[in-house]
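Below is one structure; the comments refer to it alone.
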Amino acid sequence: MFGVVHTYLPPQKITVKKYLLYSLFSLSCFLIFTSGVEDNNGKAGRTGSPSEQTCVNGCHSSYALNSGPGSVVLTSNIPVGGYTPGQSYAMHLTVTHSGVSLFGLGLEALTSTNANGGTLTAGAGNQIKSTTIGGVSRKNITHTLGGGSGTSGSHNFPFTWVAPAVGTGNVTFYFSGVAANGANGNQLDYVYNSSQIIPEYVAPSALVETNTTISSLQIFSNPVSGNLSFGYSLDKNESVFCILYSLNGAIAKQIFTEQQTEGIHTSSTDISDLSKGIYLLELKTAQQTNTRKIVVQ
């Protein structure tokens, strides 16, 4: 009869094997966890600005950009005539998507040379991160972990912007918003992207009428009282700023700032509260300005 042979394995070796196994497992969990935290905290360089991607690229890629029923909108207390250099402004990026309760964002402000335009300061639920494009560091606003939760259907991310120095000119805000289902990692989430141009305010120094490619600006009745009505046409889709100035360069009335489509437009505004006299009606886009003299009686 053959006896049963028992193999003896020293207890120390078992301990070492278990230690190595536990260490590798813990390291794997750490890498997975920290990777998820980086995503949940938002990534810089996903605003859709020049030389950058959006959150769809390599991340929330289930649906095409801007294909969902939601939106991303930038609002602020910046006057319709543009920013005053060095002035601090309260700004809000709102991401909307019905039925969703987890949101994210990416935003940056760039000059015409794609440098940082002014200074961004994070608010509730967001933070400042940097990305380097072409050797230049760009400052971004991104969401913090859990910073875009707690609301249903939309989320408002507040932040502050200090406008850049005199002579900077137009600053373009590039931004993306993510509406996430929170249950499938980075999948089955919608991404919305847009941009907004903020001009630098420059007060008119004299009574000057101009005519550029904001073509056919016509005042329907001049002199005018009660309601000022006018028409104009645009040769492409773009943001339009409409302001009424007094002769000393002060803003008499901020009429509108809107994203408008190519084609013919008409508008009317109540000016019954204005004093009698001569004013300048100015229509401005990112590249063009058209000004007309009106007489209020």
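Ordered as shown in the structure tokens, chains take letters A, B, and onward, while each chain numbers its residues from 1 and ligands are numbered from 1 in the order shown.
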
What are the nearest atom pairs, with distances in Å to one decimal, for all residues of stretch 175-273 of chain A that come at most 7 Å from stretch 46-58 of chain A, using only C-alpha atoms, set out by chain and rising residue number as JSON lines?
```
{"residue": "A:Phe175", "atom": "CA", "partner": "A:Thr47", "partner_atom": "CA", "distance": 4.8}
{"residue": "A:Ser176", "atom": "CA", "partner": "A:Thr47", "partner_atom": "CA", "distance": 5.3}
{"residue": "A:Val191", "atom": "CA", "partner": "A:Val56", "partner_atom": "CA", "distance": 6.5}
```

Keeping N, CA and C atoms, export the residues of the selection given above as an mmCIF file, in the first residue's frame.
```
data_model
loop_
_atom_site.group_PDB
_atom_site.id
_atom_site.type_symbol
_atom_site.label_atom_id
_atom_site.label_comp_id
_atom_site.auth_asym_id
_atom_site.auth_seq_id
_atom_site.Cartn_x
_atom_site.Cartn_y
_atom_site.Cartn_z
ATOM 1 N N PHE A 175 -16.832 76.914 -25.478
ATOM 2 C CA PHE A 175 -17.319 76.113 -24.360
ATOM 3 C C PHE A 175 -18.072 74.869 -24.818
ATOM 4 N N SER A 176 -17.994 73.838 -23.969
ATOM 5 C CA SER A 176 -18.707 72.583 -24.168
ATOM 6 C C SER A 176 -19.454 72.226 -22.895
ATOM 7 N N VAL A 191 -23.088 65.667 -25.744
ATOM 8 C CA VAL A 191 -22.151 66.792 -25.657
ATOM 9 C C VAL A 191 -22.664 67.931 -26.524
#
```

Exercise. Which residues come within 12 Å of A:Gly153, counting only C-alpha atoms, excluding same-chain residues fewer than 4 positions away, as a PyMOL selection string?
Worked result: chain A and resi 69-71+94-103+148-149+179-181

Would you export the selected residues with N, CA and C atoms as a PDB file, in the first residue's frame, please?
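This is the output file out-v8.pdb:
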```
ATOM      1  N   PRO A  69     -31.259  66.857 -27.662  1.00  0.00           N
ATOM      2  CA  PRO A  69     -32.303  67.880 -27.543  1.00  0.00           C
ATOM      3  C   PRO A  69     -31.947  69.010 -26.580  1.00  0.00           C
ATOM      4  N   GLY A  70     -30.747  68.993 -26.019  1.00  0.00           N
ATOM      5  CA  GLY A  70     -30.357  69.986 -25.022  1.00  0.00           C
ATOM      6  C   GLY A  70     -29.584  71.156 -25.610  1.00  0.00           C
ATOM      7  N   SER A  71     -28.891  71.889 -24.727  1.00  0.00           N
ATOM      8  CA  SER A  71     -28.155  73.078 -25.167  1.00  0.00           C
ATOM      9  C   SER A  71     -27.114  73.459 -24.135  1.00  0.00           C
ATOM     10  N   THR A  94     -24.702  77.475 -18.588  1.00  0.00           N
ATOM     11  CA  THR A  94     -25.835  76.618 -18.239  1.00  0.00           C
ATOM     12  C   THR A  94     -25.967  75.500 -19.265  1.00  0.00           C
ATOM     13  N   VAL A  95     -25.914  74.259 -18.783  1.00  0.00           N
ATOM     14  CA  VAL A  95     -26.107  73.077 -19.629  1.00  0.00           C
ATOM     15  C   VAL A  95     -27.504  72.542 -19.344  1.00  0.00           C
ATOM     16  N   THR A  96     -28.291  72.336 -20.403  1.00  0.00           N
ATOM     17  CA  THR A  96     -29.680  71.893 -20.259  1.00  0.00           C
ATOM     18  C   THR A  96     -29.918  70.622 -21.059  1.00  0.00           C
ATOM     19  N   HIS A  97     -30.565  69.658 -20.421  1.00  0.00           N
ATOM     20  CA  HIS A  97     -30.967  68.415 -21.104  1.00  0.00           C
ATOM     21  C   HIS A  97     -32.022  67.748 -20.225  1.00  0.00           C
ATOM     22  N   SER A  98     -33.235  67.625 -20.736  1.00  0.00           N
ATOM     23  CA  SER A  98     -34.348  67.091 -19.961  1.00  0.00           C
ATOM     24  C   SER A  98     -34.071  65.674 -19.471  1.00  0.00           C
ATOM     25  N   GLY A  99     -34.402  65.421 -18.208  1.00  0.00           N
ATOM     26  CA  GLY A  99     -34.265  64.086 -17.637  1.00  0.00           C
ATOM     27  C   GLY A  99     -32.890  63.741 -17.131  1.00  0.00           C
ATOM     28  N   VAL A 100     -31.928  64.640 -17.264  1.00  0.00           N
ATOM     29  CA  VAL A 100     -30.543  64.383 -16.841  1.00  0.00           C
ATOM     30  C   VAL A 100     -30.259  65.135 -15.545  1.00  0.00           C
ATOM     31  N   SER A 101     -29.462  64.528 -14.666  1.00  0.00           N
ATOM     32  CA  SER A 101     -29.141  65.182 -13.391  1.00  0.00           C
ATOM     33  C   SER A 101     -27.644  65.215 -13.110  1.00  0.00           C
ATOM     34  N   LEU A 102     -26.826  64.962 -14.135  1.00  0.00           N
ATOM     35  CA  LEU A 102     -25.373  65.024 -13.982  1.00  0.00           C
ATOM     36  C   LEU A 102     -24.787  65.754 -15.183  1.00  0.00           C
ATOM     37  N   PHE A 103     -24.071  66.855 -14.931  1.00  0.00           N
ATOM     38  CA  PHE A 103     -23.591  67.714 -16.012  1.00  0.00           C
ATOM     39  C   PHE A 103     -22.115  68.071 -15.822  1.00  0.00           C
ATOM     40  N   GLY A 148     -21.332  69.074 -10.946  1.00  0.00           N
ATOM     41  CA  GLY A 148     -22.443  69.260 -11.880  1.00  0.00           C
ATOM     42  C   GLY A 148     -23.645  68.406 -11.551  1.00  0.00           C
ATOM     43  N   SER A 149     -23.787  67.988 -10.291  1.00  0.00           N
ATOM     44  CA  SER A 149     -24.922  67.160  -9.888  1.00  0.00           C
ATOM     45  C   SER A 149     -25.839  67.937  -8.949  1.00  0.00           C
ATOM     46  N   ALA A 179     -24.074  66.374 -20.845  1.00  0.00           N
ATOM     47  CA  ALA A 179     -25.254  65.876 -20.135  1.00  0.00           C
ATOM     48  C   ALA A 179     -25.085  64.372 -20.010  1.00  0.00           C
ATOM     49  N   ALA A 180     -24.784  63.899 -18.804  1.00  0.00           N
ATOM     50  CA  ALA A 180     -24.396  62.502 -18.596  1.00  0.00           C
ATOM     51  C   ALA A 180     -25.507  61.711 -17.922  1.00  0.00           C
ATOM     52  N   ASN A 181     -25.604  60.409 -18.302  1.00  0.00           N
ATOM     53  CA  ASN A 181     -26.605  59.574 -17.646  1.00  0.00           C
ATOM     54  C   ASN A 181     -26.094  58.992 -16.331  1.00  0.00           C
TER      55      ASN A 181
END
```

List as a Markdown table every residue of stretch 200-281 of chain A that is in contact with stretch 82-92 of chain A, defined as an atom at most 10 Å from one of its atoms (using only C-alpha atoms), together with the nearest atom pair and the distance in Å rounded to one decimal, sorted by chain and then rising number.
```
| residue | atom | partner | partner_atom | distance |
| --- | --- | --- | --- | --- |
| A:Glu200 | CA | A:Gly82 | CA | 4.9 |
| A:Tyr201 | CA | A:Gly82 | CA | 4.5 |
| A:Val202 | CA | A:Gly82 | CA | 8.1 |
| A:Phe241 | CA | A:Gly82 | CA | 8.7 |
| A:Thr257 | CA | A:Gly82 | CA | 9.8 |
```

Given the selection you just returned, output its residues as a file containing C-alpha atoms, formatted as a CSV table (one decimal), in the first residue's frame.
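Dumped everything to again16.csv:
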```csv
chain,number,residue,atom,x,y,z
A,200,GLU,CA,-14.0,95.4,-26.4
A,201,TYR,CA,-16.1,98.5,-25.7
A,202,VAL,CA,-14.8,101.6,-27.5
A,241,PHE,CA,-24.7,94.0,-31.2
A,257,THR,CA,-27.2,91.4,-28.6
```

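Atom CA of A:Phe173 is found 11.1 Å from atom CA of A:Ser112.
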
For this session: Per DSSP on the backbone, filter stretch 28-184 of chain A down to the residues in helix (DSSP H, G or I) and report them as a PyMOL selection string.
Result: chain A and resi 28-40

Could you write out that same residue set with N, CA and C atoms as a short mmCIF file (atom, residue, chain, number, x, y, z; two decimals), in the first residue's frame?
```
data_model
loop_
_atom_site.label_atom_id
_atom_site.label_comp_id
_atom_site.auth_asym_id
_atom_site.auth_seq_id
_atom_site.Cartn_x
_atom_site.Cartn_y
_atom_site.Cartn_z
N SER A 28 -4.02 48.05 -9.15
CA SER A 28 -4.96 48.09 -10.26
C SER A 28 -6.18 48.93 -9.90
N CYS A 29 -6.70 48.71 -8.69
CA CYS A 29 -7.86 49.49 -8.24
C CYS A 29 -7.53 50.98 -8.18
N PHE A 30 -6.33 51.31 -7.72
CA PHE A 30 -5.91 52.70 -7.61
C PHE A 30 -5.85 53.37 -8.97
N LEU A 31 -5.27 52.65 -9.96
CA LEU A 31 -5.17 53.22 -11.30
C LEU A 31 -6.54 53.44 -11.91
N ILE A 32 -7.44 52.46 -11.72
CA ILE A 32 -8.78 52.60 -12.27
C ILE A 32 -9.51 53.75 -11.58
N PHE A 33 -9.37 53.82 -10.27
CA PHE A 33 -10.06 54.85 -9.50
C PHE A 33 -9.58 56.24 -9.85
N THR A 34 -8.27 56.43 -9.88
CA THR A 34 -7.73 57.75 -10.18
C THR A 34 -8.03 58.16 -11.61
N SER A 35 -8.06 57.18 -12.52
CA SER A 35 -8.42 57.50 -13.90
C SER A 35 -9.84 58.02 -13.95
N GLY A 36 -10.75 57.37 -13.19
CA GLY A 36 -12.14 57.82 -13.17
C GLY A 36 -12.28 59.18 -12.55
N VAL A 37 -11.52 59.47 -11.50
CA VAL A 37 -11.59 60.78 -10.86
C VAL A 37 -11.14 61.87 -11.81
N GLU A 38 -10.10 61.63 -12.61
CA GLU A 38 -9.64 62.62 -13.57
C GLU A 38 -10.74 62.96 -14.56
N ASP A 39 -11.47 61.92 -15.05
CA ASP A 39 -12.56 62.16 -15.97
C ASP A 39 -13.68 62.93 -15.28
N ASN A 40 -14.05 62.48 -14.07
CA ASN A 40 -15.16 63.11 -13.37
C ASN A 40 -14.86 64.55 -12.99
#
```

All strand (DSSP E) positions in stretch 147-273 of chain A, as a PDB file with N, CA and C atoms, in the first residue's frame:
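The resulting file, states-v4.pdb, is shown below:
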```
ATOM      1  N   SER A 154     -31.152  70.682 -15.865  1.00  0.00           N
ATOM      2  CA  SER A 154     -30.158  71.687 -16.241  1.00  0.00           C
ATOM      3  C   SER A 154     -29.252  71.959 -15.051  1.00  0.00           C
ATOM      4  N   HIS A 155     -28.086  72.532 -15.345  1.00  0.00           N
ATOM      5  CA  HIS A 155     -27.168  72.917 -14.265  1.00  0.00           C
ATOM      6  C   HIS A 155     -26.451  74.201 -14.652  1.00  0.00           C
ATOM      7  N   ASN A 156     -26.344  75.103 -13.682  1.00  0.00           N
ATOM      8  CA  ASN A 156     -25.699  76.391 -13.885  1.00  0.00           C
ATOM      9  C   ASN A 156     -24.328  76.399 -13.207  1.00  0.00           C
ATOM     10  N   PHE A 157     -23.283  76.644 -13.994  1.00  0.00           N
ATOM     11  CA  PHE A 157     -21.923  76.741 -13.465  1.00  0.00           C
ATOM     12  C   PHE A 157     -21.515  78.212 -13.434  1.00  0.00           C
ATOM     13  N   PRO A 158     -21.388  78.832 -12.259  1.00  0.00           N
ATOM     14  CA  PRO A 158     -20.988  80.238 -12.176  1.00  0.00           C
ATOM     15  C   PRO A 158     -19.464  80.392 -12.128  1.00  0.00           C
ATOM     16  N   PHE A 159     -18.960  81.485 -12.684  1.00  0.00           N
ATOM     17  CA  PHE A 159     -17.541  81.804 -12.586  1.00  0.00           C
ATOM     18  C   PHE A 159     -17.362  83.291 -12.838  1.00  0.00           C
ATOM     19  N   THR A 160     -16.158  83.778 -12.635  1.00  0.00           N
ATOM     20  CA  THR A 160     -15.870  85.207 -12.805  1.00  0.00           C
ATOM     21  C   THR A 160     -14.806  85.394 -13.883  1.00  0.00           C
ATOM     22  N   TRP A 161     -14.967  86.452 -14.657  1.00  0.00           N
ATOM     23  CA  TRP A 161     -13.981  86.789 -15.699  1.00  0.00           C
ATOM     24  C   TRP A 161     -13.565  88.243 -15.543  1.00  0.00           C
ATOM     25  N   VAL A 162     -12.257  88.471 -15.451  1.00  0.00           N
ATOM     26  CA  VAL A 162     -11.715  89.830 -15.464  1.00  0.00           C
ATOM     27  C   VAL A 162     -11.224  90.115 -16.877  1.00  0.00           C
ATOM     28  N   VAL A 171     -12.718  89.045 -27.613  1.00  0.00           N
ATOM     29  CA  VAL A 171     -12.374  87.822 -26.886  1.00  0.00           C
ATOM     30  C   VAL A 171     -13.459  86.794 -27.195  1.00  0.00           C
ATOM     31  N   THR A 172     -13.050  85.610 -27.604  1.00  0.00           N
ATOM     32  CA  THR A 172     -14.003  84.548 -27.924  1.00  0.00           C
ATOM     33  C   THR A 172     -14.025  83.520 -26.808  1.00  0.00           C
ATOM     34  N   PHE A 173     -15.216  83.248 -26.283  1.00  0.00           N
ATOM     35  CA  PHE A 173     -15.406  82.191 -25.293  1.00  0.00           C
ATOM     36  C   PHE A 173     -15.805  80.917 -26.042  1.00  0.00           C
ATOM     37  N   TYR A 174     -15.011  79.878 -25.871  1.00  0.00           N
ATOM     38  CA  TYR A 174     -15.305  78.562 -26.434  1.00  0.00           C
ATOM     39  C   TYR A 174     -15.748  77.659 -25.296  1.00  0.00           C
ATOM     40  N   PHE A 175     -16.832  76.914 -25.478  1.00  0.00           N
ATOM     41  CA  PHE A 175     -17.319  76.113 -24.360  1.00  0.00           C
ATOM     42  C   PHE A 175     -18.072  74.869 -24.818  1.00  0.00           C
ATOM     43  N   SER A 176     -17.994  73.838 -23.969  1.00  0.00           N
ATOM     44  CA  SER A 176     -18.707  72.583 -24.168  1.00  0.00           C
ATOM     45  C   SER A 176     -19.454  72.226 -22.895  1.00  0.00           C
ATOM     46  N   GLY A 177     -20.590  71.558 -23.045  1.00  0.00           N
ATOM     47  CA  GLY A 177     -21.348  71.060 -21.911  1.00  0.00           C
ATOM     48  C   GLY A 177     -21.658  69.589 -22.105  1.00  0.00           C
ATOM     49  N   VAL A 178     -21.592  68.822 -21.050  1.00  0.00           N
ATOM     50  CA  VAL A 178     -21.887  67.391 -21.100  1.00  0.00           C
ATOM     51  C   VAL A 178     -23.128  67.105 -20.268  1.00  0.00           C
ATOM     52  N   ALA A 179     -24.074  66.374 -20.845  1.00  0.00           N
ATOM     53  CA  ALA A 179     -25.254  65.876 -20.135  1.00  0.00           C
ATOM     54  C   ALA A 179     -25.085  64.372 -20.010  1.00  0.00           C
ATOM     55  N   ALA A 180     -24.784  63.899 -18.804  1.00  0.00           N
ATOM     56  CA  ALA A 180     -24.396  62.502 -18.596  1.00  0.00           C
ATOM     57  C   ALA A 180     -25.507  61.711 -17.922  1.00  0.00           C
ATOM     58  N   TYR A 190     -24.515  63.003 -23.827  1.00  0.00           N
ATOM     59  CA  TYR A 190     -24.615  63.976 -24.910  1.00  0.00           C
ATOM     60  C   TYR A 190     -23.669  65.149 -24.658  1.00  0.00           C
ATOM     61  N   VAL A 191     -23.088  65.667 -25.744  1.00  0.00           N
ATOM     62  CA  VAL A 191     -22.151  66.792 -25.657  1.00  0.00           C
ATOM     63  C   VAL A 191     -22.664  67.931 -26.524  1.00  0.00           C
ATOM     64  N   TYR A 192     -22.657  69.136 -25.955  1.00  0.00           N
ATOM     65  CA  TYR A 192     -23.079  70.346 -26.657  1.00  0.00           C
ATOM     66  C   TYR A 192     -21.917  71.335 -26.677  1.00  0.00           C
ATOM     67  N   ASN A 193     -21.743  72.010 -27.796  1.00  0.00           N
ATOM     68  CA  ASN A 193     -20.592  72.899 -27.963  1.00  0.00           C
ATOM     69  C   ASN A 193     -21.021  74.179 -28.660  1.00  0.00           C
ATOM     70  N   SER A 194     -20.420  75.315 -28.251  1.00  0.00           N
ATOM     71  CA  SER A 194     -20.727  76.585 -28.894  1.00  0.00           C
ATOM     72  C   SER A 194     -19.610  77.580 -28.590  1.00  0.00           C
ATOM     73  N   SER A 195     -19.760  78.805 -29.072  1.00  0.00           N
ATOM     74  CA  SER A 195     -18.795  79.872 -28.790  1.00  0.00           C
ATOM     75  C   SER A 195     -19.522  81.206 -28.800  1.00  0.00           C
ATOM     76  N   GLN A 196     -18.916  82.200 -28.188  1.00  0.00           N
ATOM     77  CA  GLN A 196     -19.512  83.538 -28.137  1.00  0.00           C
ATOM     78  C   GLN A 196     -18.417  84.591 -28.164  1.00  0.00           C
ATOM     79  N   ILE A 197     -18.562  85.562 -29.049  1.00  0.00           N
ATOM     80  CA  ILE A 197     -17.582  86.640 -29.176  1.00  0.00           C
ATOM     81  C   ILE A 197     -18.018  87.824 -28.318  1.00  0.00           C
ATOM     82  N   ILE A 198     -17.107  88.316 -27.476  1.00  0.00           N
ATOM     83  CA  ILE A 198     -17.350  89.497 -26.657  1.00  0.00           C
ATOM     84  C   ILE A 198     -16.415  90.600 -27.146  1.00  0.00           C
ATOM     85  N   GLN A 218     -31.075 100.720 -42.770  1.00  0.00           N
ATOM     86  CA  GLN A 218     -32.009 101.784 -43.111  1.00  0.00           C
ATOM     87  C   GLN A 218     -32.849 102.144 -41.894  1.00  0.00           C
ATOM     88  N   ILE A 219     -32.985 103.441 -41.638  1.00  0.00           N
ATOM     89  CA  ILE A 219     -33.893 103.941 -40.619  1.00  0.00           C
ATOM     90  C   ILE A 219     -35.220 104.222 -41.320  1.00  0.00           C
ATOM     91  N   ASN A 227     -41.246 105.068 -31.375  1.00  0.00           N
ATOM     92  CA  ASN A 227     -40.541 103.837 -31.712  1.00  0.00           C
ATOM     93  C   ASN A 227     -39.538 104.058 -32.833  1.00  0.00           C
ATOM     94  N   LEU A 228     -38.324 103.555 -32.626  1.00  0.00           N
ATOM     95  CA  LEU A 228     -37.290 103.579 -33.658  1.00  0.00           C
ATOM     96  C   LEU A 228     -37.327 102.249 -34.399  1.00  0.00           C
ATOM     97  N   SER A 229     -37.584 102.293 -35.697  1.00  0.00           N
ATOM     98  CA  SER A 229     -37.642 101.083 -36.518  1.00  0.00           C
ATOM     99  C   SER A 229     -36.559 101.136 -37.580  1.00  0.00           C
ATOM    100  N   PHE A 230     -35.909 100.028 -37.810  1.00  0.00           N
ATOM    101  CA  PHE A 230     -34.827  99.988 -38.791  1.00  0.00           C
ATOM    102  C   PHE A 230     -34.691  98.573 -39.358  1.00  0.00           C
ATOM    103  N   GLY A 231     -33.987  98.492 -40.479  1.00  0.00           N
ATOM    104  CA  GLY A 231     -33.754  97.207 -41.134  1.00  0.00           C
ATOM    105  C   GLY A 231     -32.332  97.108 -41.631  1.00  0.00           C
ATOM    106  N   TYR A 232     -31.864  95.890 -41.837  1.00  0.00           N
ATOM    107  CA  TYR A 232     -30.488  95.657 -42.297  1.00  0.00           C
ATOM    108  C   TYR A 232     -30.380  94.219 -42.787  1.00  0.00           C
ATOM    109  N   SER A 233     -29.277  93.902 -43.414  1.00  0.00           N
ATOM    110  CA  SER A 233     -29.054  92.526 -43.870  1.00  0.00           C
ATOM    111  C   SER A 233     -27.656  92.071 -43.476  1.00  0.00           C
ATOM    112  N   LEU A 234     -27.514  90.773 -43.263  1.00  0.00           N
ATOM    113  CA  LEU A 234     -26.231  90.157 -42.910  1.00  0.00           C
ATOM    114  C   LEU A 234     -25.799  89.221 -44.029  1.00  0.00           C
ATOM    115  N   GLU A 238     -23.972  85.370 -37.651  1.00  0.00           N
ATOM    116  CA  GLU A 238     -23.016  85.898 -36.678  1.00  0.00           C
ATOM    117  C   GLU A 238     -23.732  86.651 -35.555  1.00  0.00           C
ATOM    118  N   SER A 239     -22.951  86.963 -34.507  1.00  0.00           N
ATOM    119  CA  SER A 239     -23.484  87.730 -33.387  1.00  0.00           C
ATOM    120  C   SER A 239     -23.568  89.202 -33.777  1.00  0.00           C
ATOM    121  N   VAL A 240     -24.689  89.847 -33.418  1.00  0.00           N
ATOM    122  CA  VAL A 240     -24.904  91.246 -33.756  1.00  0.00           C
ATOM    123  C   VAL A 240     -25.197  92.025 -32.472  1.00  0.00           C
ATOM    124  N   PHE A 241     -24.537  93.159 -32.313  1.00  0.00           N
ATOM    125  CA  PHE A 241     -24.732  94.048 -31.172  1.00  0.00           C
ATOM    126  C   PHE A 241     -25.355  95.340 -31.690  1.00  0.00           C
ATOM    127  N   CYS A 242     -26.417  95.804 -31.036  1.00  0.00           N
ATOM    128  CA  CYS A 242     -27.096  97.020 -31.473  1.00  0.00           C
ATOM    129  C   CYS A 242     -27.190  97.982 -30.294  1.00  0.00           C
ATOM    130  N   ILE A 243     -26.623  99.190 -30.461  1.00  0.00           N
ATOM    131  CA  ILE A 243     -26.527 100.162 -29.379  1.00  0.00           C
ATOM    132  C   ILE A 243     -26.883 101.543 -29.915  1.00  0.00           C
ATOM    133  N   LEU A 244     -27.532 102.345 -29.066  1.00  0.00           N
ATOM    134  CA  LEU A 244     -27.828 103.729 -29.394  1.00  0.00           C
ATOM    135  C   LEU A 244     -26.973 104.614 -28.499  1.00  0.00           C
ATOM    136  N   TYR A 245     -26.144 105.486 -29.115  1.00  0.00           N
ATOM    137  CA  TYR A 245     -25.231 106.360 -28.381  1.00  0.00           C
ATOM    138  C   TYR A 245     -25.697 107.813 -28.450  1.00  0.00           C
ATOM    139  N   SER A 246     -25.394 108.546 -27.393  1.00  0.00           N
ATOM    140  CA  SER A 246     -25.537 109.995 -27.445  1.00  0.00           C
ATOM    141  C   SER A 246     -24.275 110.574 -28.076  1.00  0.00           C
ATOM    142  N   ILE A 251     -23.661 105.440 -23.695  1.00  0.00           N
ATOM    143  CA  ILE A 251     -24.699 104.542 -24.180  1.00  0.00           C
ATOM    144  C   ILE A 251     -26.056 105.075 -23.743  1.00  0.00           C
ATOM    145  N   ALA A 252     -26.901 105.432 -24.709  1.00  0.00           N
ATOM    146  CA  ALA A 252     -28.236 105.919 -24.408  1.00  0.00           C
ATOM    147  C   ALA A 252     -29.227 104.776 -24.255  1.00  0.00           C
ATOM    148  N   LYS A 253     -29.014 103.692 -25.022  1.00  0.00           N
ATOM    149  CA  LYS A 253     -29.914 102.543 -24.950  1.00  0.00           C
ATOM    150  C   LYS A 253     -29.214 101.310 -25.531  1.00  0.00           C
ATOM    151  N   GLN A 254     -29.234 100.218 -24.771  1.00  0.00           N
ATOM    152  CA  GLN A 254     -28.732  98.940 -25.264  1.00  0.00           C
ATOM    153  C   GLN A 254     -29.909  98.201 -25.883  1.00  0.00           C
ATOM    154  N   ILE A 255     -29.902  98.067 -27.206  1.00  0.00           N
ATOM    155  CA  ILE A 255     -31.085  97.542 -27.895  1.00  0.00           C
ATOM    156  C   ILE A 255     -31.102  96.020 -27.915  1.00  0.00           C
ATOM    157  N   PHE A 256     -30.039  95.371 -28.380  1.00  0.00           N
ATOM    158  CA  PHE A 256     -29.984  93.912 -28.316  1.00  0.00           C
ATOM    159  C   PHE A 256     -28.574  93.415 -28.593  1.00  0.00           C
ATOM    160  N   THR A 257     -28.329  92.174 -28.180  1.00  0.00           N
ATOM    161  CA  THR A 257     -27.169  91.404 -28.614  1.00  0.00           C
ATOM    162  C   THR A 257     -27.677  90.006 -28.907  1.00  0.00           C
ATOM    163  N   GLU A 258     -27.559  89.579 -30.155  1.00  0.00           N
ATOM    164  CA  GLU A 258     -28.185  88.332 -30.588  1.00  0.00           C
ATOM    165  C   GLU A 258     -27.308  87.600 -31.598  1.00  0.00           C
ATOM    166  N   GLN A 259     -27.437  86.287 -31.618  1.00  0.00           N
ATOM    167  CA  GLN A 259     -26.881  85.481 -32.682  1.00  0.00           C
ATOM    168  C   GLN A 259     -27.924  85.443 -33.791  1.00  0.00           C
ATOM    169  N   GLN A 260     -27.591  85.967 -34.964  1.00  0.00           N
ATOM    170  CA  GLN A 260     -28.573  86.073 -36.035  1.00  0.00           C
ATOM    171  C   GLN A 260     -28.097  85.342 -37.283  1.00  0.00           C
ATOM    172  N   GLY A 263     -29.166  87.073 -43.914  1.00  0.00           N
ATOM    173  CA  GLY A 263     -30.400  87.522 -44.546  1.00  0.00           C
ATOM    174  C   GLY A 263     -30.852  88.879 -44.041  1.00  0.00           C
ATOM    175  N   ILE A 264     -32.115  89.204 -44.321  1.00  0.00           N
ATOM    176  CA  ILE A 264     -32.694  90.505 -44.010  1.00  0.00           C
ATOM    177  C   ILE A 264     -33.354  90.470 -42.633  1.00  0.00           C
ATOM    178  N   HIS A 265     -33.136  91.530 -41.857  1.00  0.00           N
ATOM    179  CA  HIS A 265     -33.705  91.625 -40.514  1.00  0.00           C
ATOM    180  C   HIS A 265     -34.331  92.994 -40.306  1.00  0.00           C
ATOM    181  N   THR A 266     -35.372  93.046 -39.494  1.00  0.00           N
ATOM    182  CA  THR A 266     -35.971  94.313 -39.075  1.00  0.00           C
ATOM    183  C   THR A 266     -36.097  94.312 -37.548  1.00  0.00           C
ATOM    184  N   SER A 267     -36.091  95.508 -36.957  1.00  0.00           N
ATOM    185  CA  SER A 267     -36.187  95.623 -35.509  1.00  0.00           C
ATOM    186  C   SER A 267     -36.845  96.939 -35.143  1.00  0.00           C
ATOM    187  N   SER A 268     -37.469  96.972 -33.957  1.00  0.00           N
ATOM    188  CA  SER A 268     -38.117  98.184 -33.462  1.00  0.00           C
ATOM    189  C   SER A 268     -37.899  98.274 -31.960  1.00  0.00           C
ATOM    190  N   THR A 269     -37.633  99.474 -31.470  1.00  0.00           N
ATOM    191  CA  THR A 269     -37.410  99.660 -30.044  1.00  0.00           C
ATOM    192  C   THR A 269     -38.031 100.966 -29.577  1.00  0.00           C
ATOM    193  N   ASP A 270     -38.548 100.973 -28.352  1.00  0.00           N
ATOM    194  CA  ASP A 270     -39.193 102.144 -27.786  1.00  0.00           C
ATOM    195  C   ASP A 270     -38.131 103.156 -27.324  1.00  0.00           C
TER     196      ASP A 270
END
```

Exercise. Do you know which residues are at most 9 Å from A:Ile128 counting only C-alpha atoms, after dropping those on the same chain fewer than 5 positions away, and could you put them as number ranges by chain?
Worked result: A: 44, 120-122, 139-143

Write the selection just made, keeping C-alpha atoms, as a PDB file, in the first residue's frame?
```pdb
ATOM      1  CA  ALA A  44      -8.815  70.750 -20.089  1.00  0.00           C
ATOM      2  CA  LEU A 120     -10.903  83.244 -15.261  1.00  0.00           C
ATOM      3  CA  THR A 121     -11.778  82.497 -11.633  1.00  0.00           C
ATOM      4  CA  ALA A 122     -13.671  79.313 -10.751  1.00  0.00           C
ATOM      5  CA  LYS A 139      -6.518  78.276 -18.790  1.00  0.00           C
ATOM      6  CA  ASN A 140      -9.793  76.329 -18.707  1.00  0.00           C
ATOM      7  CA  ILE A 141     -12.840  76.197 -16.471  1.00  0.00           C
ATOM      8  CA  THR A 142     -13.863  72.551 -15.896  1.00  0.00           C
ATOM      9  CA  HIS A 143     -16.270  70.836 -13.494  1.00  0.00           C
TER      10      HIS A 143
END
```

Problem set entry | Coordinates-based distance that separates atom CA of A:Leu93 from atom CA of A:Gln127 (Å, one decimal) | 13.2 Å

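Of note, atom CA of A:Leu107 and atom CA of A:Gln187 are spaced 21.3 Å apart.
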